[in-house]
$ cat query-v5.cif   # mmCIF, N, CA and C atoms
data_model
loop_
_atom_site.label_atom_id
_atom_site.label_comp_id
_atom_site.auth_asym_id
_atom_site.auth_seq_id
_atom_site.Cartn_x
_atom_site.Cartn_y
_atom_site.Cartn_z
N MET A 289 38.31 133.14 269.95
CA MET A 289 39.44 134.03 269.79
C MET A 289 39.78 134.12 268.30
N THR A 290 40.03 135.33 267.81
CA THR A 290 40.39 135.54 266.41
C THR A 290 41.70 136.30 266.33
N SER A 291 42.20 136.44 265.15
CA SER A 291 43.41 137.22 264.90
C SER A 291 43.08 138.37 263.98
N SER A 292 43.94 139.37 263.99
CA SER A 292 43.82 140.47 263.02
C SER A 292 45.16 140.65 262.34
N ILE A 293 45.14 141.21 261.17
CA ILE A 293 46.38 141.46 260.45
C ILE A 293 46.99 142.74 260.99
N ARG A 294 48.19 142.65 261.51
CA ARG A 294 48.88 143.81 262.06
C ARG A 294 49.61 144.57 260.97
N HIS A 295 50.33 143.85 260.12
CA HIS A 295 51.08 144.44 259.02
C HIS A 295 50.99 143.51 257.81
N VAL A 296 51.15 144.08 256.66
CA VAL A 296 51.48 143.31 255.47
C VAL A 296 52.98 143.54 255.30
N THR A 297 53.75 142.46 255.33
CA THR A 297 55.20 142.56 255.28
C THR A 297 55.68 142.32 253.85
N ILE A 298 56.54 143.20 253.38
CA ILE A 298 57.05 143.13 252.02
C ILE A 298 58.56 142.95 252.09
N ASP A 299 59.04 141.79 251.63
CA ASP A 299 60.48 141.55 251.55
C ASP A 299 61.05 142.37 250.40
N CYS A 300 62.24 142.92 250.60
CA CYS A 300 62.86 143.76 249.56
C CYS A 300 64.36 143.82 249.79
N THR A 301 65.08 144.35 248.81
CA THR A 301 66.53 144.46 248.96
C THR A 301 66.95 145.75 249.65
N ASP A 302 66.07 146.75 249.67
CA ASP A 302 66.36 148.02 250.36
C ASP A 302 65.07 148.53 250.98
N ALA A 303 64.89 148.20 252.26
CA ALA A 303 63.63 148.52 252.94
C ALA A 303 63.33 150.01 252.93
N TYR A 304 64.32 150.82 253.20
CA TYR A 304 64.07 152.26 253.28
C TYR A 304 63.67 152.82 251.92
N ALA A 305 64.40 152.46 250.88
CA ALA A 305 64.10 153.00 249.54
C ALA A 305 62.70 152.59 249.08
N LEU A 306 62.34 151.31 249.28
CA LEU A 306 61.03 150.87 248.82
C LEU A 306 59.92 151.46 249.69
N ALA A 307 60.15 151.55 250.99
CA ALA A 307 59.16 152.17 251.87
C ALA A 307 58.97 153.65 251.50
N ASP A 308 60.06 154.33 251.16
CA ASP A 308 59.97 155.73 250.76
C ASP A 308 59.13 155.87 249.49
N PHE A 309 59.33 154.98 248.51
CA PHE A 309 58.52 155.00 247.30
C PHE A 309 57.04 154.86 247.66
N TRP A 310 56.69 153.85 248.46
CA TRP A 310 55.29 153.61 248.82
C TRP A 310 54.74 154.72 249.70
N SER A 311 55.59 155.34 250.51
CA SER A 311 55.16 156.48 251.32
C SER A 311 54.69 157.61 250.42
N ARG A 312 55.43 157.86 249.35
CA ARG A 312 55.05 158.91 248.40
C ARG A 312 53.82 158.52 247.60
N VAL A 313 53.69 157.24 247.23
CA VAL A 313 52.51 156.77 246.50
C VAL A 313 51.26 156.97 247.34
N LEU A 314 51.33 156.58 248.62
CA LEU A 314 50.15 156.60 249.49
C LEU A 314 49.95 157.90 250.24
N GLY A 315 50.95 158.79 250.22
CA GLY A 315 50.84 160.04 250.96
C GLY A 315 50.82 159.80 252.46
N GLN A 316 51.51 158.75 252.90
CA GLN A 316 51.58 158.40 254.32
C GLN A 316 53.05 158.42 254.75
N PRO A 317 53.35 158.95 255.93
CA PRO A 317 54.74 159.06 256.35
C PRO A 317 55.34 157.73 256.81
N LEU A 318 56.65 157.65 256.70
CA LEU A 318 57.38 156.54 257.31
C LEU A 318 57.32 156.72 258.82
N HIS A 319 57.46 155.63 259.55
CA HIS A 319 57.47 155.70 261.01
C HIS A 319 58.61 156.61 261.45
N GLU A 320 58.35 157.45 262.42
CA GLU A 320 59.32 158.47 262.85
C GLU A 320 60.64 157.88 263.34
N ASP A 321 60.67 156.65 263.78
CA ASP A 321 61.91 156.03 264.27
C ASP A 321 62.72 155.35 263.17
N ASP A 322 62.19 155.28 261.95
CA ASP A 322 62.85 154.53 260.88
C ASP A 322 63.71 155.45 260.02
N GLY A 323 64.91 154.95 259.66
CA GLY A 323 65.83 155.72 258.84
C GLY A 323 66.47 154.86 257.76
N GLN A 324 67.32 155.48 256.96
CA GLN A 324 67.93 154.81 255.81
C GLN A 324 68.75 153.58 256.18
N GLU A 325 69.30 153.54 257.36
CA GLU A 325 70.13 152.41 257.77
C GLU A 325 69.33 151.24 258.32
N ASP A 326 68.04 151.41 258.52
CA ASP A 326 67.22 150.36 259.12
C ASP A 326 66.87 149.27 258.12
N GLU A 327 66.85 148.04 258.61
CA GLU A 327 66.49 146.90 257.78
C GLU A 327 64.99 146.62 257.80
N GLU A 328 64.26 147.31 258.69
CA GLU A 328 62.81 147.23 258.73
C GLU A 328 62.27 148.65 258.79
N VAL A 329 61.37 148.98 257.88
CA VAL A 329 60.80 150.32 257.81
C VAL A 329 59.29 150.19 257.69
N LEU A 330 58.58 150.98 258.48
CA LEU A 330 57.13 150.86 258.60
C LEU A 330 56.41 152.10 258.09
N ILE A 331 55.35 151.87 257.32
CA ILE A 331 54.36 152.91 257.04
C ILE A 331 53.17 152.52 257.90
N GLU A 332 53.14 153.06 259.10
CA GLU A 332 52.19 152.61 260.11
C GLU A 332 50.74 152.82 259.68
N ALA A 333 50.42 153.99 259.11
CA ALA A 333 49.03 154.29 258.74
C ALA A 333 48.50 153.32 257.69
N ALA A 334 49.39 152.76 256.87
CA ALA A 334 48.97 151.82 255.83
C ALA A 334 49.15 150.37 256.27
N GLY A 335 49.81 150.15 257.41
CA GLY A 335 50.06 148.79 257.87
C GLY A 335 51.04 148.03 257.01
N LEU A 336 51.98 148.75 256.39
CA LEU A 336 52.96 148.11 255.51
C LEU A 336 54.33 148.12 256.18
N LEU A 337 54.94 146.94 256.30
CA LEU A 337 56.26 146.79 256.89
C LEU A 337 57.20 146.26 255.81
N PHE A 338 58.27 147.00 255.55
CA PHE A 338 59.25 146.63 254.54
C PHE A 338 60.47 146.07 255.26
N VAL A 339 60.92 144.88 254.84
CA VAL A 339 62.01 144.19 255.50
C VAL A 339 63.09 143.85 254.47
N THR A 340 64.32 144.25 254.75
CA THR A 340 65.43 143.94 253.87
C THR A 340 65.79 142.46 254.00
N VAL A 341 65.85 141.78 252.86
CA VAL A 341 66.25 140.37 252.79
C VAL A 341 67.31 140.23 251.71
N PRO A 342 68.11 139.17 251.74
CA PRO A 342 69.18 139.02 250.74
C PRO A 342 68.68 138.59 249.36
N GLU A 343 67.52 137.95 249.29
CA GLU A 343 67.03 137.45 248.00
C GLU A 343 66.34 138.56 247.23
N THR A 344 66.41 138.47 245.90
CA THR A 344 65.66 139.39 245.05
C THR A 344 64.36 138.73 244.62
N LYS A 345 63.44 139.53 244.13
CA LYS A 345 62.17 139.01 243.61
C LYS A 345 62.45 138.20 242.36
N THR A 346 61.80 137.02 242.25
CA THR A 346 62.07 136.16 241.11
C THR A 346 60.83 135.78 240.30
N VAL A 347 59.64 135.87 240.89
CA VAL A 347 58.42 135.47 240.19
C VAL A 347 57.33 136.50 240.42
N LYS A 348 56.22 136.33 239.71
CA LYS A 348 55.08 137.22 239.85
C LYS A 348 54.54 137.16 241.28
N ASN A 349 54.07 138.32 241.76
CA ASN A 349 53.46 138.38 243.09
C ASN A 349 52.26 137.44 243.17
N ARG A 350 52.07 136.84 244.33
CA ARG A 350 50.85 136.07 244.59
C ARG A 350 49.79 136.97 245.22
N LEU A 351 50.20 138.13 245.66
CA LEU A 351 49.32 139.12 246.30
C LEU A 351 49.75 140.47 245.76
N HIS A 352 48.79 141.34 245.44
CA HIS A 352 49.18 142.67 244.98
C HIS A 352 48.14 143.69 245.45
N PHE A 353 48.53 144.96 245.39
CA PHE A 353 47.65 146.05 245.77
C PHE A 353 46.89 146.55 244.55
N ASP A 354 45.61 146.86 244.73
CA ASP A 354 44.80 147.57 243.74
C ASP A 354 44.57 148.96 244.32
N LEU A 355 45.13 149.97 243.70
CA LEU A 355 44.99 151.34 244.17
C LEU A 355 43.84 152.03 243.46
N GLN A 356 43.11 152.85 244.21
CA GLN A 356 42.04 153.66 243.65
C GLN A 356 42.33 155.12 244.01
N PRO A 357 42.60 155.97 243.01
CA PRO A 357 42.87 157.38 243.30
C PRO A 357 41.72 158.02 244.06
N GLN A 358 42.05 158.90 244.99
CA GLN A 358 41.04 159.56 245.81
C GLN A 358 40.75 160.99 245.36
N ASP A 359 41.75 161.67 244.83
CA ASP A 359 41.57 163.09 244.50
C ASP A 359 42.00 163.42 243.08
N ARG A 360 42.04 162.42 242.24
CA ARG A 360 42.42 162.62 240.83
C ARG A 360 41.88 161.46 240.02
N THR A 361 42.01 161.57 238.72
CA THR A 361 41.55 160.48 237.84
C THR A 361 42.59 159.37 237.80
N ARG A 362 42.17 158.25 237.27
CA ARG A 362 43.10 157.13 237.09
C ARG A 362 44.28 157.56 236.22
N ASP A 363 44.00 158.25 235.13
CA ASP A 363 45.07 158.63 234.21
C ASP A 363 46.02 159.64 234.83
N GLU A 364 45.50 160.54 235.65
CA GLU A 364 46.37 161.48 236.37
C GLU A 364 47.25 160.72 237.37
N GLU A 365 46.68 159.71 238.00
CA GLU A 365 47.46 158.91 238.95
C GLU A 365 48.52 158.09 238.22
N VAL A 366 48.19 157.59 237.05
CA VAL A 366 49.17 156.87 236.24
C VAL A 366 50.37 157.77 235.98
N ASP A 367 50.13 158.99 235.55
CA ASP A 367 51.22 159.94 235.28
C ASP A 367 52.04 160.22 236.54
N ARG A 368 51.36 160.40 237.68
CA ARG A 368 52.06 160.68 238.93
C ARG A 368 52.95 159.50 239.34
N LEU A 369 52.44 158.29 239.22
CA LEU A 369 53.21 157.11 239.61
C LEU A 369 54.43 156.92 238.73
N LEU A 370 54.31 157.25 237.46
CA LEU A 370 55.47 157.18 236.58
C LEU A 370 56.57 158.14 237.03
N THR A 371 56.18 159.33 237.48
CA THR A 371 57.19 160.30 237.96
C THR A 371 57.82 159.85 239.27
N LEU A 372 57.13 159.01 240.05
CA LEU A 372 57.67 158.51 241.31
C LEU A 372 58.62 157.33 241.12
N GLY A 373 58.64 156.76 239.90
CA GLY A 373 59.55 155.65 239.63
C GLY A 373 58.91 154.32 239.34
N ALA A 374 57.58 154.26 239.29
CA ALA A 374 56.90 153.03 238.90
C ALA A 374 57.05 152.83 237.40
N THR A 375 56.94 151.59 236.96
CA THR A 375 56.98 151.30 235.53
C THR A 375 55.73 150.52 235.14
N VAL A 376 55.24 150.78 233.94
CA VAL A 376 54.05 150.09 233.44
C VAL A 376 54.44 148.68 232.99
N VAL A 377 53.69 147.70 233.50
CA VAL A 377 53.86 146.30 233.12
C VAL A 377 52.84 145.92 232.06
N ASP A 378 51.60 146.39 232.25
CA ASP A 378 50.51 146.05 231.33
C ASP A 378 49.44 147.13 231.42
N ASP A 379 49.04 147.66 230.30
CA ASP A 379 48.03 148.71 230.25
C ASP A 379 46.72 148.10 229.77
N GLN A 380 45.75 147.98 230.67
CA GLN A 380 44.46 147.38 230.37
C GLN A 380 43.36 148.42 230.21
N ARG A 381 43.73 149.70 230.01
CA ARG A 381 42.73 150.74 229.79
C ARG A 381 42.09 150.52 228.42
N THR A 382 40.79 150.80 228.35
CA THR A 382 40.06 150.64 227.09
C THR A 382 39.59 152.00 226.59
N GLY A 383 39.21 152.04 225.34
CA GLY A 383 38.79 153.29 224.72
C GLY A 383 37.57 153.93 225.35
N ASP A 384 36.77 153.15 226.04
CA ASP A 384 35.57 153.69 226.68
C ASP A 384 35.83 154.17 228.12
N GLY A 385 37.10 154.24 228.53
CA GLY A 385 37.44 154.75 229.85
C GLY A 385 37.49 153.71 230.94
N MET A 386 37.22 152.47 230.62
CA MET A 386 37.25 151.39 231.60
C MET A 386 38.69 150.87 231.74
N GLY A 387 38.88 149.89 232.61
CA GLY A 387 40.16 149.21 232.72
C GLY A 387 41.07 149.75 233.80
N TRP A 388 42.27 149.24 233.80
CA TRP A 388 43.26 149.53 234.84
C TRP A 388 44.65 149.46 234.23
N VAL A 389 45.65 149.86 235.02
CA VAL A 389 47.05 149.78 234.59
C VAL A 389 47.81 148.97 235.63
N VAL A 390 48.58 148.00 235.16
CA VAL A 390 49.44 147.21 236.03
C VAL A 390 50.82 147.85 236.02
N PHE A 391 51.33 148.12 237.22
CA PHE A 391 52.65 148.72 237.40
C PHE A 391 53.58 147.76 238.12
N ALA A 392 54.85 148.09 238.11
CA ALA A 392 55.84 147.48 238.99
C ALA A 392 56.47 148.59 239.80
N ASP A 393 56.67 148.34 241.11
CA ASP A 393 57.37 149.32 241.94
C ASP A 393 58.87 149.20 241.65
N PRO A 394 59.72 150.00 242.27
CA PRO A 394 61.16 149.96 241.96
C PRO A 394 61.83 148.60 242.16
N GLU A 395 61.22 147.69 242.93
CA GLU A 395 61.81 146.36 243.11
C GLU A 395 61.06 145.29 242.32
N GLY A 396 60.14 145.71 241.44
CA GLY A 396 59.46 144.77 240.56
C GLY A 396 58.17 144.19 241.08
N ASN A 397 57.69 144.64 242.23
CA ASN A 397 56.42 144.15 242.77
C ASN A 397 55.26 144.77 242.01
N GLU A 398 54.36 143.92 241.50
CA GLU A 398 53.25 144.41 240.70
C GLU A 398 52.15 145.00 241.58
N PHE A 399 51.49 146.03 241.04
CA PHE A 399 50.30 146.61 241.64
C PHE A 399 49.47 147.25 240.54
N CYS A 400 48.19 147.47 240.81
CA CYS A 400 47.29 148.00 239.80
C CYS A 400 46.71 149.35 240.22
N VAL A 401 46.37 150.16 239.23
CA VAL A 401 45.66 151.41 239.46
C VAL A 401 44.35 151.34 238.70
N GLU A 402 43.27 151.46 239.46
CA GLU A 402 41.93 151.41 238.91
C GLU A 402 41.38 152.82 238.74
N ARG A 403 40.15 152.91 238.27
CA ARG A 403 39.47 154.20 238.15
C ARG A 403 39.09 154.72 239.52
N SER A 404 39.01 156.04 239.65
CA SER A 404 38.58 156.66 240.90
C SER A 404 37.08 156.40 241.11
N SER A 405 36.61 156.69 242.33
CA SER A 405 35.18 156.56 242.62
C SER A 405 34.35 157.45 241.71
N ALA A 406 34.81 158.67 241.48
CA ALA A 406 34.08 159.60 240.63
C ALA A 406 33.99 159.05 239.21
N GLU A 407 35.04 158.44 238.71
CA GLU A 407 35.02 157.88 237.36
C GLU A 407 34.08 156.68 237.28
N ARG A 408 33.97 155.93 238.36
CA ARG A 408 33.08 154.78 238.37
C ARG A 408 31.60 155.19 238.37
N GLU A 409 31.31 156.39 238.86
CA GLU A 409 29.93 156.87 238.92
C GLU A 409 29.42 157.39 237.59
N ARG A 410 30.29 157.64 236.64
CA ARG A 410 29.90 158.19 235.35
C ARG A 410 29.22 157.16 234.48
#
$ encode --input "query-v5.cif" --output "structure tokens"
Amino acid sequence: MTSSIRHVTIDCTDAYALADFWSRVLGQPLHEDDGQEDEEVLIEAAGLLFVTVPETKTVKNRLHFDLQPQDRTRDEEVDRLLTLGATVVDDQRTGDGMGWVVFADPEGNEFCVERSSAERER
């Protein structure tokens, strides 16, 4: 007998607001039953469950997402994420087009944006 991961659960101070941010990042809808007043909000297609907790984030993530753009370049995705409310924590892009960008979401959770598949083939 084995187990499977049903959700990745993310503790946050405002489940709806953070889930809405990630919904826009991933282009996946929030669960139809979830609303602004809910303390648990699900992005079912991504398997992400956001849960409101009283504590705030205090240290670096032990786990983070590495995003790979599907229909745009890494740099175009960087620009899009900035308009959605992400902030740059560390820019590891190099002059030869390699590297990644480390972001923080609106609650300070770190994640990275890598090059797209098309950029990796060049």
$ resolve_selection --input "query-v5.cif" --expression "the PyMOL selection byres (((chain A and resi 313 and name CA) around 12) and name CA)" --output "MDAnalysis selection string"
chainID A and resid 306:312 314:318 331 334 353 355:358 365:374 393:394 399 401
$ residues_around --input "query-v5.cif" --residues "stretch 340-347 of chain A" --least-positions-apart "2" --cutoff "8 Å" --atoms "all atoms listed in the file" --output "PyMOL selection string"
chain A and resi 298-304+326-329+337-338+349-350+395-397
$ atom_distance --input "query-v5.cif" --atom1 "atom CA of A:Asp379" --atom2 "atom CA of A:Leu351"
18.7 Å
$ resolve_selection --input "query-v5.cif" --expression "the PyMOL selection byres (((chain A and resi 387 and name CA) around 12) and name CA)" --output "list of chain:residue names"
A:Gln356, A:Arg362, A:Asp363, A:Asp378, A:Asp379, A:Gln380, A:Arg381, A:Thr382, A:Gly383, A:Asp384, A:Gly385, A:Met386, A:Trp388, A:Val389, A:Val390, A:Cys400, A:Val401, A:Glu402, A:Arg403, A:Ser404, A:Glu407, A:Arg408
$ write_last_selection --input "query-v5.cif" --atoms "N, CA and C atoms" --output "mmCIF file, in the coordinates of the input"
data_model
loop_
_atom_site.group_PDB
_atom_site.id
_atom_site.type_symbol
_atom_site.label_atom_id
_atom_site.label_comp_id
_atom_site.auth_asym_id
_atom_site.auth_seq_id
_atom_site.Cartn_x
_atom_site.Cartn_y
_atom_site.Cartn_z
ATOM 1 N N GLN A 356 43.110 152.850 244.210
ATOM 2 C CA GLN A 356 42.040 153.660 243.650
ATOM 3 C C GLN A 356 42.330 155.120 244.010
ATOM 4 N N ARG A 362 42.170 158.250 237.270
ATOM 5 C CA ARG A 362 43.100 157.130 237.090
ATOM 6 C C ARG A 362 44.280 157.560 236.220
ATOM 7 N N ASP A 363 44.000 158.250 235.130
ATOM 8 C CA ASP A 363 45.070 158.630 234.210
ATOM 9 C C ASP A 363 46.020 159.640 234.830
ATOM 10 N N ASP A 378 51.600 146.390 232.250
ATOM 11 C CA ASP A 378 50.510 146.050 231.330
ATOM 12 C C ASP A 378 49.440 147.130 231.420
ATOM 13 N N ASP A 379 49.040 147.660 230.300
ATOM 14 C CA ASP A 379 48.030 148.710 230.250
ATOM 15 C C ASP A 379 46.720 148.100 229.770
ATOM 16 N N GLN A 380 45.750 147.980 230.670
ATOM 17 C CA GLN A 380 44.460 147.380 230.370
ATOM 18 C C GLN A 380 43.360 148.420 230.210
ATOM 19 N N ARG A 381 43.730 149.700 230.010
ATOM 20 C CA ARG A 381 42.730 150.740 229.790
ATOM 21 C C ARG A 381 42.090 150.520 228.420
ATOM 22 N N THR A 382 40.790 150.800 228.350
ATOM 23 C CA THR A 382 40.060 150.640 227.090
ATOM 24 C C THR A 382 39.590 152.000 226.590
ATOM 25 N N GLY A 383 39.210 152.040 225.340
ATOM 26 C CA GLY A 383 38.790 153.290 224.720
ATOM 27 C C GLY A 383 37.570 153.930 225.350
ATOM 28 N N ASP A 384 36.770 153.150 226.040
ATOM 29 C CA ASP A 384 35.570 153.690 226.680
ATOM 30 C C ASP A 384 35.830 154.170 228.120
ATOM 31 N N GLY A 385 37.100 154.240 228.530
ATOM 32 C CA GLY A 385 37.440 154.750 229.850
ATOM 33 C C GLY A 385 37.490 153.710 230.940
ATOM 34 N N MET A 386 37.220 152.470 230.620
ATOM 35 C CA MET A 386 37.250 151.390 231.600
ATOM 36 C C MET A 386 38.690 150.870 231.740
ATOM 37 N N TRP A 388 42.270 149.240 233.800
ATOM 38 C CA TRP A 388 43.260 149.530 234.840
ATOM 39 C C TRP A 388 44.650 149.460 234.230
ATOM 40 N N VAL A 389 45.650 149.860 235.020
ATOM 41 C CA VAL A 389 47.050 149.780 234.590
ATOM 42 C C VAL A 389 47.810 148.970 235.630
ATOM 43 N N VAL A 390 48.580 148.000 235.160
ATOM 44 C CA VAL A 390 49.440 147.210 236.030
ATOM 45 C C VAL A 390 50.820 147.850 236.020
ATOM 46 N N CYS A 400 48.190 147.470 240.810
ATOM 47 C CA CYS A 400 47.290 148.000 239.800
ATOM 48 C C CYS A 400 46.710 149.350 240.220
ATOM 49 N N VAL A 401 46.370 150.160 239.230
ATOM 50 C CA VAL A 401 45.660 151.410 239.460
ATOM 51 C C VAL A 401 44.350 151.340 238.700
ATOM 52 N N GLU A 402 43.270 151.460 239.460
ATOM 53 C CA GLU A 402 41.930 151.410 238.910
ATOM 54 C C GLU A 402 41.380 152.820 238.740
ATOM 55 N N ARG A 403 40.150 152.910 238.270
ATOM 56 C CA ARG A 403 39.470 154.200 238.150
ATOM 57 C C ARG A 403 39.090 154.720 239.520
ATOM 58 N N SER A 404 39.010 156.040 239.650
ATOM 59 C CA SER A 404 38.580 156.660 240.900
ATOM 60 C C SER A 404 37.080 156.400 241.110
ATOM 61 N N GLU A 407 35.040 158.440 238.710
ATOM 62 C CA GLU A 407 35.020 157.880 237.360
ATOM 63 C C GLU A 407 34.080 156.680 237.280
ATOM 64 N N ARG A 408 33.970 155.930 238.360
ATOM 65 C CA ARG A 408 33.080 154.780 238.370
ATOM 66 C C ARG A 408 31.600 155.190 238.370
#
$ atom_distance --input "query-v5.cif" --atom1 "atom N of A:Thr361" --atom2 "atom C of A:Arg410"
14.2 Å
$ closest_residue --input "query-v5.cif" --among "A:Glu325, A:Asp359, A:Lys348, A:Leu336" --to "A:His295" --atoms "only C-alpha atoms"
A:Leu336
$ atom_distance --input "query-v5.cif" --atom1 "atom C of A:Glu320" --atom2 "atom N of A:Arg294"
19.8 Å
$ build_atoms --input "query-v5.cif" --residues "stretch 356-365 of chain A" --atoms "all heavy atoms" --output "mmCIF file, in the coordinates of the input"
data_model
loop_
_atom_site.group_PDB
_atom_site.id
_atom_site.type_symbol
_atom_site.label_atom_id
_atom_site.label_comp_id
_atom_site.auth_asym_id
_atom_site.auth_seq_id
_atom_site.Cartn_x
_atom_site.Cartn_y
_atom_site.Cartn_z
ATOM 1 N N GLN A 356 43.110 152.850 244.210
ATOM 2 C CA GLN A 356 42.040 153.660 243.650
ATOM 3 C C GLN A 356 42.330 155.120 244.010
ATOM 4 O O GLN A 356 42.354 155.469 245.187
ATOM 5 C CB GLN A 356 40.684 153.247 244.204
ATOM 6 C CG GLN A 356 39.545 154.004 243.567
ATOM 7 C CD GLN A 356 38.209 153.557 244.111
ATOM 8 O OE1 GLN A 356 38.026 153.450 245.312
ATOM 9 N NE2 GLN A 356 37.272 153.292 243.216
ATOM 10 N N PRO A 357 42.600 155.970 243.010
ATOM 11 C CA PRO A 357 42.870 157.380 243.300
ATOM 12 C C PRO A 357 41.720 158.020 244.060
ATOM 13 O O PRO A 357 40.552 157.738 243.783
ATOM 14 C CB PRO A 357 43.030 158.008 241.910
ATOM 15 C CG PRO A 357 43.270 156.868 240.984
ATOM 16 C CD PRO A 357 42.596 155.680 241.585
ATOM 17 N N GLN A 358 42.050 158.900 244.990
ATOM 18 C CA GLN A 358 41.040 159.560 245.810
ATOM 19 C C GLN A 358 40.750 160.990 245.360
ATOM 20 O O GLN A 358 39.641 161.460 245.507
ATOM 21 C CB GLN A 358 41.492 159.580 247.273
ATOM 22 C CG GLN A 358 41.677 158.185 247.855
ATOM 23 C CD GLN A 358 40.401 157.372 247.801
ATOM 24 O OE1 GLN A 358 39.397 157.755 248.398
ATOM 25 N NE2 GLN A 358 40.420 156.259 247.092
ATOM 26 N N ASP A 359 41.750 161.670 244.830
ATOM 27 C CA ASP A 359 41.570 163.090 244.500
ATOM 28 C C ASP A 359 42.000 163.420 243.080
ATOM 29 O O ASP A 359 42.302 164.563 242.770
ATOM 30 C CB ASP A 359 42.341 163.955 245.505
ATOM 31 C CG ASP A 359 43.824 163.649 245.514
ATOM 32 O OD1 ASP A 359 44.268 162.676 244.866
ATOM 33 O OD2 ASP A 359 44.564 164.391 246.186
ATOM 34 N N ARG A 360 42.040 162.420 242.240
ATOM 35 C CA ARG A 360 42.420 162.620 240.830
ATOM 36 C C ARG A 360 41.880 161.460 240.020
ATOM 37 O O ARG A 360 41.412 160.476 240.574
ATOM 38 C CB ARG A 360 43.937 162.741 240.691
ATOM 39 C CG ARG A 360 44.697 161.515 241.179
ATOM 40 C CD ARG A 360 46.210 161.691 241.139
ATOM 41 N NE ARG A 360 46.670 162.806 241.920
ATOM 42 C CZ ARG A 360 47.167 162.725 243.158
ATOM 43 N NH1 ARG A 360 47.273 161.563 243.739
ATOM 44 N NH2 ARG A 360 47.564 163.786 243.800
ATOM 45 N N THR A 361 42.010 161.570 238.720
ATOM 46 C CA THR A 361 41.550 160.480 237.840
ATOM 47 C C THR A 361 42.590 159.370 237.800
ATOM 48 O O THR A 361 43.735 159.554 238.221
ATOM 49 C CB THR A 361 41.327 160.986 236.403
ATOM 50 O OG1 THR A 361 42.598 161.340 235.844
ATOM 51 C CG2 THR A 361 40.359 162.163 236.349
ATOM 52 N N ARG A 362 42.170 158.250 237.270
ATOM 53 C CA ARG A 362 43.100 157.130 237.090
ATOM 54 C C ARG A 362 44.280 157.560 236.220
ATOM 55 O O ARG A 362 45.432 157.298 236.560
ATOM 56 C CB ARG A 362 42.362 155.952 236.428
ATOM 57 C CG ARG A 362 43.283 154.781 236.106
ATOM 58 C CD ARG A 362 42.732 153.870 235.026
ATOM 59 N NE ARG A 362 42.430 154.651 233.847
ATOM 60 C CZ ARG A 362 41.434 154.374 233.009
ATOM 61 N NH1 ARG A 362 40.660 153.337 233.213
ATOM 62 N NH2 ARG A 362 41.215 155.127 231.947
ATOM 63 N N ASP A 363 44.000 158.250 235.130
ATOM 64 C CA ASP A 363 45.070 158.630 234.210
ATOM 65 C C ASP A 363 46.020 159.640 234.830
ATOM 66 O O ASP A 363 47.233 159.593 234.588
ATOM 67 C CB ASP A 363 44.489 159.137 232.895
ATOM 68 C CG ASP A 363 43.766 158.030 232.129
ATOM 69 O OD1 ASP A 363 43.962 156.832 232.456
ATOM 70 O OD2 ASP A 363 43.010 158.356 231.204
ATOM 71 N N GLU A 364 45.500 160.540 235.650
ATOM 72 C CA GLU A 364 46.370 161.480 236.370
ATOM 73 C C GLU A 364 47.250 160.720 237.370
ATOM 74 O O GLU A 364 48.429 161.039 237.536
ATOM 75 C CB GLU A 364 45.546 162.539 237.097
ATOM 76 C CG GLU A 364 44.862 163.511 236.167
ATOM 77 C CD GLU A 364 43.828 164.387 236.853
ATOM 78 O OE1 GLU A 364 43.250 163.979 237.900
ATOM 79 O OE2 GLU A 364 43.577 165.493 236.330
ATOM 80 N N GLU A 365 46.680 159.710 238.000
ATOM 81 C CA GLU A 365 47.460 158.910 238.950
ATOM 82 C C GLU A 365 48.520 158.090 238.220
ATOM 83 O O GLU A 365 49.636 157.935 238.710
ATOM 84 C CB GLU A 365 46.546 157.998 239.773
ATOM 85 C CG GLU A 365 47.255 157.208 240.830
ATOM 86 C CD GLU A 365 47.819 158.025 241.983
ATOM 87 O OE1 GLU A 365 47.888 159.276 241.904
ATOM 88 O OE2 GLU A 365 48.221 157.408 242.978
#
